[in-house]
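**Q** A single structure is presented below for examination.
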Amino acid sequence: MRKVTIFSAAAVMVYATQLQAAPADDLHLTAFVNPICEVTNSGLPTIDFGDVSIGLQTQVVNLFLQCNDAEGAVVKLISVEGGLESDDKEDHAIKYDATFAPLTLTPFTLSTTGGPGVNDQWADHNYSGSSALAAGMPTTLTIATQETMPWAGGYSDTLAINITAN
């Protein structure tokens, strides 16, 4: 009988110790990181190629690319007119190449067709999520005309840069 009493007392003590070890209340812990997914520059530049009858022209714009989405982002270049469109001869455009080149990531190029043509031409590239992309990096956009034009008048296009988190 003495052995049963000792065993019962030991079992009660183990059970009571387990009850005391459980926390009185659970705490739920949370944290947050603001999403950033953008391409920025120091202003809204107007790029002037000057006289496009005398030779091919190149301009470089400095940008900053950042996206802290773990799955990365898609960057898309969109030429509204399909090239530098003539103000006098509707839908006739000078073709150009626009190369988007982040410092440590793969560059990509939009090559417009120019001529009488297709509007809304685009190229895009998918960048995987990385600590470099999350921290942000200097990026260049190099735009180079691919032909000259003999006809007088102005030429223009809108080049949009869109970025979308994956």
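Naming works like this for the structure tokens: A, B, ... for the chains as they're shown, residue 1 at the start of each chain, ligands 1 onward in shown order.
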Using DSSP on the backbone, list every residue of region 5-164 of chain A that comes out as strand (DSSP E), and give them as number ranges by chain.
**A** A: 37-41, 58-67, 73-79, 84-86, 92-94, 96-102, 108-111, 115-116, 121-127, 137-145, 155-156, 159-164
**Q** Could you pull the residues within 8 Å of Thr164 (chain A), counting only C-alpha atoms, minus those fewer than 3 positions along the same chain, as an MDAnalysis selection string?
**A** chainID A and resid 37 73:75
**Q** Have a look at A:Ser130, A:Thr30, A:Asn62, A:Asn68 and name the one nearest to Gly43 (chain A); count only C-alpha atoms.
**A**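 Looking at the shortest contact to Gly43 (chain A), the residue is A:Asn62.
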**Q** Pick the closest to Ile161 (chain A) from A:Asp88, A:Glu81, A:Glu71, A:Asp124: which is it, counting only C-alpha atoms?
**A** A:Asp124
**Q** Considering only C-alpha atoms, return as a PyMOL selection string whatever protein or nucleic-acid residues lie within 12 Å of Val60 (chain A), sequence-local ones (same chain, fewer than 6 positions apart) excluded.
**A** chain A and resi 41+45-49+97-101+139-145
**Q** Put those residues in a file: all heavy atoms, as a short mmCIF file (atom, residue, chain, number, x, y, z; two decimals), in the first residue's frame.
**A**
data_model
loop_
_atom_site.label_atom_id
_atom_site.label_comp_id
_atom_site.auth_asym_id
_atom_site.auth_seq_id
_atom_site.Cartn_x
_atom_site.Cartn_y
_atom_site.Cartn_z
N ASN A 41 13.98 58.99 -60.91
CA ASN A 41 15.08 59.80 -61.41
C ASN A 41 15.10 61.11 -60.66
O ASN A 41 14.24 61.37 -59.82
CB ASN A 41 14.98 60.01 -62.93
CG ASN A 41 13.69 60.70 -63.32
OD1 ASN A 41 13.05 61.37 -62.53
ND2 ASN A 41 13.29 60.52 -64.57
N PRO A 45 12.90 64.26 -66.92
CA PRO A 45 13.70 64.81 -67.99
C PRO A 45 12.98 64.81 -69.34
O PRO A 45 12.19 63.93 -69.63
CB PRO A 45 14.91 63.89 -68.04
CG PRO A 45 14.37 62.57 -67.59
CD PRO A 45 13.33 62.93 -66.55
N THR A 46 13.30 65.83 -70.11
CA THR A 46 12.97 65.83 -71.51
C THR A 46 14.28 65.58 -72.22
O THR A 46 15.26 66.30 -72.00
CB THR A 46 12.38 67.19 -71.95
OG1 THR A 46 11.15 67.38 -71.25
CG2 THR A 46 12.15 67.23 -73.45
N ILE A 47 14.33 64.56 -73.00
CA ILE A 47 15.57 64.20 -73.69
C ILE A 47 15.54 64.82 -75.08
O ILE A 47 14.63 64.55 -75.86
CB ILE A 47 15.72 62.67 -73.78
CG1 ILE A 47 15.77 62.10 -72.36
CG2 ILE A 47 16.94 62.29 -74.59
CD1 ILE A 47 15.66 60.62 -72.30
N ASP A 48 16.52 65.66 -75.37
CA ASP A 48 16.60 66.37 -76.65
C ASP A 48 17.74 65.79 -77.47
O ASP A 48 18.91 65.93 -77.10
CB ASP A 48 16.81 67.87 -76.40
CG ASP A 48 16.76 68.68 -77.68
OD1 ASP A 48 16.66 68.09 -78.78
OD2 ASP A 48 16.83 69.92 -77.58
N PHE A 49 17.42 65.15 -78.58
CA PHE A 49 18.43 64.58 -79.45
C PHE A 49 19.03 65.61 -80.40
O PHE A 49 19.98 65.31 -81.11
CB PHE A 49 17.84 63.41 -80.27
CG PHE A 49 17.54 62.21 -79.43
CD1 PHE A 49 16.25 61.95 -79.01
CD2 PHE A 49 18.55 61.35 -79.04
CE1 PHE A 49 15.97 60.84 -78.23
CE2 PHE A 49 18.27 60.24 -78.26
CZ PHE A 49 16.98 59.99 -77.85
N ASP A 97 16.64 52.72 -80.09
CA ASP A 97 16.79 51.66 -79.10
C ASP A 97 16.87 52.30 -77.73
O ASP A 97 17.58 53.30 -77.55
CB ASP A 97 18.06 50.84 -79.32
CG ASP A 97 18.00 49.97 -80.56
OD1 ASP A 97 16.90 49.75 -81.09
OD2 ASP A 97 19.07 49.49 -80.99
N ALA A 98 16.16 51.75 -76.77
CA ALA A 98 16.22 52.20 -75.37
C ALA A 98 16.68 51.01 -74.53
O ALA A 98 15.99 49.99 -74.48
CB ALA A 98 14.86 52.70 -74.91
N THR A 99 17.85 51.14 -73.89
CA THR A 99 18.41 50.05 -73.09
C THR A 99 18.35 50.40 -71.62
O THR A 99 18.93 51.41 -71.18
CB THR A 99 19.86 49.75 -73.51
OG1 THR A 99 19.87 49.41 -74.90
CG2 THR A 99 20.44 48.60 -72.70
N PHE A 100 17.65 49.58 -70.86
CA PHE A 100 17.49 49.72 -69.42
C PHE A 100 18.54 48.84 -68.77
O PHE A 100 18.53 47.61 -68.96
CB PHE A 100 16.07 49.29 -69.03
CG PHE A 100 15.72 49.51 -67.59
CD1 PHE A 100 15.22 50.74 -67.18
CD2 PHE A 100 15.86 48.50 -66.65
CE1 PHE A 100 14.86 50.95 -65.86
CE2 PHE A 100 15.51 48.70 -65.33
CZ PHE A 100 15.01 49.94 -64.93
N ALA A 101 19.49 49.44 -68.01
CA ALA A 101 20.63 48.68 -67.49
C ALA A 101 20.85 48.93 -66.00
O ALA A 101 21.57 49.85 -65.62
CB ALA A 101 21.88 49.03 -68.29
N THR A 139 20.77 52.82 -62.08
CA THR A 139 20.38 52.23 -63.35
C THR A 139 20.52 53.29 -64.43
O THR A 139 20.23 54.46 -64.18
CB THR A 139 18.91 51.75 -63.27
OG1 THR A 139 18.80 50.79 -62.21
CG2 THR A 139 18.43 51.13 -64.55
N THR A 140 20.94 52.89 -65.61
CA THR A 140 20.99 53.83 -66.72
C THR A 140 19.96 53.44 -67.77
O THR A 140 19.67 52.26 -67.97
CB THR A 140 22.39 53.90 -67.37
OG1 THR A 140 22.75 52.61 -67.83
CG2 THR A 140 23.41 54.45 -66.41
N LEU A 141 19.43 54.45 -68.43
CA LEU A 141 18.57 54.26 -69.58
C LEU A 141 19.28 54.97 -70.73
O LEU A 141 19.42 56.19 -70.72
CB LEU A 141 17.19 54.86 -69.34
CG LEU A 141 16.21 54.76 -70.52
CD1 LEU A 141 15.88 53.29 -70.81
CD2 LEU A 141 14.93 55.54 -70.22
N THR A 142 19.78 54.18 -71.68
CA THR A 142 20.50 54.73 -72.83
C THR A 142 19.57 54.66 -74.03
O THR A 142 19.08 53.58 -74.39
CB THR A 142 21.78 53.93 -73.10
OG1 THR A 142 22.58 53.94 -71.92
CG2 THR A 142 22.56 54.53 -74.26
N ILE A 143 19.34 55.82 -74.65
CA ILE A 143 18.45 55.89 -75.81
C ILE A 143 19.28 56.37 -77.00
O ILE A 143 19.92 57.42 -76.93
CB ILE A 143 17.27 56.84 -75.55
CG1 ILE A 143 16.55 56.40 -74.27
CG2 ILE A 143 16.32 56.84 -76.74
CD1 ILE A 143 15.54 57.39 -73.77
N ALA A 144 19.27 55.56 -78.07
CA ALA A 144 20.09 55.86 -79.24
C ALA A 144 19.23 55.79 -80.50
O ALA A 144 18.57 54.77 -80.75
CB ALA A 144 21.25 54.89 -79.34
N THR A 145 19.22 56.88 -81.28
CA THR A 145 18.50 56.85 -82.55
C THR A 145 19.20 55.86 -83.48
O THR A 145 20.42 55.68 -83.41
CB THR A 145 18.42 58.25 -83.20
OG1 THR A 145 19.75 58.72 -83.45
CG2 THR A 145 17.67 59.23 -82.31
#
**Q** Can you work out the spacing between CA of Val80 (chain A) and CA of Tyr96 (chain A) in Å, to one decimal?
**A** 12.6 Å
**Q** Mind the document's chain letters and residue numbers, and return as a list in words the residues of region 2-157 of chain A that DSSP labels helix (DSSP H, G or I).
**A**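 Selecting the helix (DSSP H, G or I) positions of region 2-157 of chain A gives Arg2, Lys3, Val4, Thr5, Ile6, Phe7, Ser8, Ala9, Ala10, Ala11, Val12, Met13, Val14, Tyr15, Ala16, Thr17, Gln18, Leu19, Gln20, Ala21, Ser131, Ala132, Leu133, Ala134 and Ala135 of chain A.
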**Q** At a cut-off of 7 Å, using only C-alpha atoms, what residues contact Thr148 (chain A)? Leave out same-chain residues fewer than 2 positions from it and give the result as a PyMOL selection string.
**A** chain A and resi 52-56+150
**Q** Kindly export the residues of the current selection with N, CA, C and O atoms, as a short mmCIF file (atom, residue, chain, number, x, y, z; two decimals), in the first residue's frame.
**A**
data_model
loop_
_atom_site.label_atom_id
_atom_site.label_comp_id
_atom_site.auth_asym_id
_atom_site.auth_seq_id
_atom_site.Cartn_x
_atom_site.Cartn_y
_atom_site.Cartn_z
N VAL A 52 18.47 65.61 -85.88
CA VAL A 52 18.55 64.20 -86.25
C VAL A 52 18.80 63.99 -87.74
O VAL A 52 18.75 62.86 -88.22
N SER A 53 19.13 65.07 -88.46
CA SER A 53 19.49 64.91 -89.88
C SER A 53 20.99 64.73 -90.06
O SER A 53 21.44 64.30 -91.12
N ILE A 54 21.78 65.02 -89.03
CA ILE A 54 23.24 65.02 -89.18
C ILE A 54 23.92 63.74 -88.69
O ILE A 54 25.12 63.58 -88.85
N GLY A 55 23.20 62.85 -88.08
CA GLY A 55 23.81 61.60 -87.62
C GLY A 55 23.04 61.01 -86.46
O GLY A 55 22.11 61.61 -85.93
N LEU A 56 23.47 59.81 -86.08
CA LEU A 56 22.82 59.11 -84.99
C LEU A 56 23.13 59.81 -83.68
O LEU A 56 24.24 60.32 -83.49
N PRO A 150 15.69 63.38 -92.93
CA PRO A 150 15.96 64.60 -93.69
C PRO A 150 14.86 65.66 -93.62
O PRO A 150 15.09 66.82 -93.96
#
**Q** Taking only C-alpha atoms into account, name the residue in A:Cys67, A:Ala24, A:Ala31, A:Leu159 that is nearest to Gly82 (chain A).
**A**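 Under the stated criterion, the closest residue is A:Leu159.
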**Q** Nearest to Gln66 (chain A): which of A:Gly153, A:Pro116, A:Pro102, A:Pro107 is it, counting only C-alpha atoms?
**A**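 Selected residue with least distance to Gln66 (chain A): A:Pro102.
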**Q** Identify which of the residues A:Asp69, A:Asp51, A:Glu38, A:Asp87 lies closest to Ser156 (chain A), counting only C-alpha atoms when measuring atom-to-atom distances.
**A**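 Checking each of A:Asp69, A:Asp51, A:Glu38, A:Asp87 against Ser156 (chain A), counting only C-alpha atoms, the winner is A:Asp87.
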**Q** From the set A:Ala165, A:Ala134, A:Ile94, A:Leu103, which residue has the shortest atom-to-atom contact distance to Trp151 (chain A), counting only C-alpha atoms?
**A**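 Nearest to Trp151 (chain A): A:Ile94.
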**Q** Neighbours of Thr113 (chain A) within 7 Å (only C-alpha atoms; same-chain residues fewer than 2 positions away dropped), as a PyMOL selection string?
**A** chain A and resi 82-83+95+111+115
**Q** Those same residues, written as a compact mmCIF listing (two decimals), in the first residue's frame with N, CA and C atoms?
**A**
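The new file selection_12.txt reads:
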# COMPACT_ATOMS: atom_id res chain seq x y z
N GLY A 82 5.97 54.32 -81.09
CA GLY A 82 6.76 53.36 -81.87
C GLY A 82 8.01 53.96 -82.47
N GLY A 83 8.47 55.06 -81.91
CA GLY A 83 9.66 55.78 -82.37
C GLY A 83 9.44 57.27 -82.17
N LYS A 95 13.28 55.38 -85.79
CA LYS A 95 13.47 54.27 -84.86
C LYS A 95 14.61 54.57 -83.89
N SER A 111 13.57 47.99 -78.90
CA SER A 111 13.95 48.48 -80.23
C SER A 111 12.68 48.84 -80.99
N GLY A 115 9.46 54.31 -88.88
CA GLY A 115 8.70 54.28 -90.13
C GLY A 115 7.23 54.59 -89.91
**Q** Take CA of Leu110 (chain A) and CA of Lys89 (chain A) and report the distance between them in Å, one decimal.
**A**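 That distance, rounded to one decimal, is 23.2 Å.
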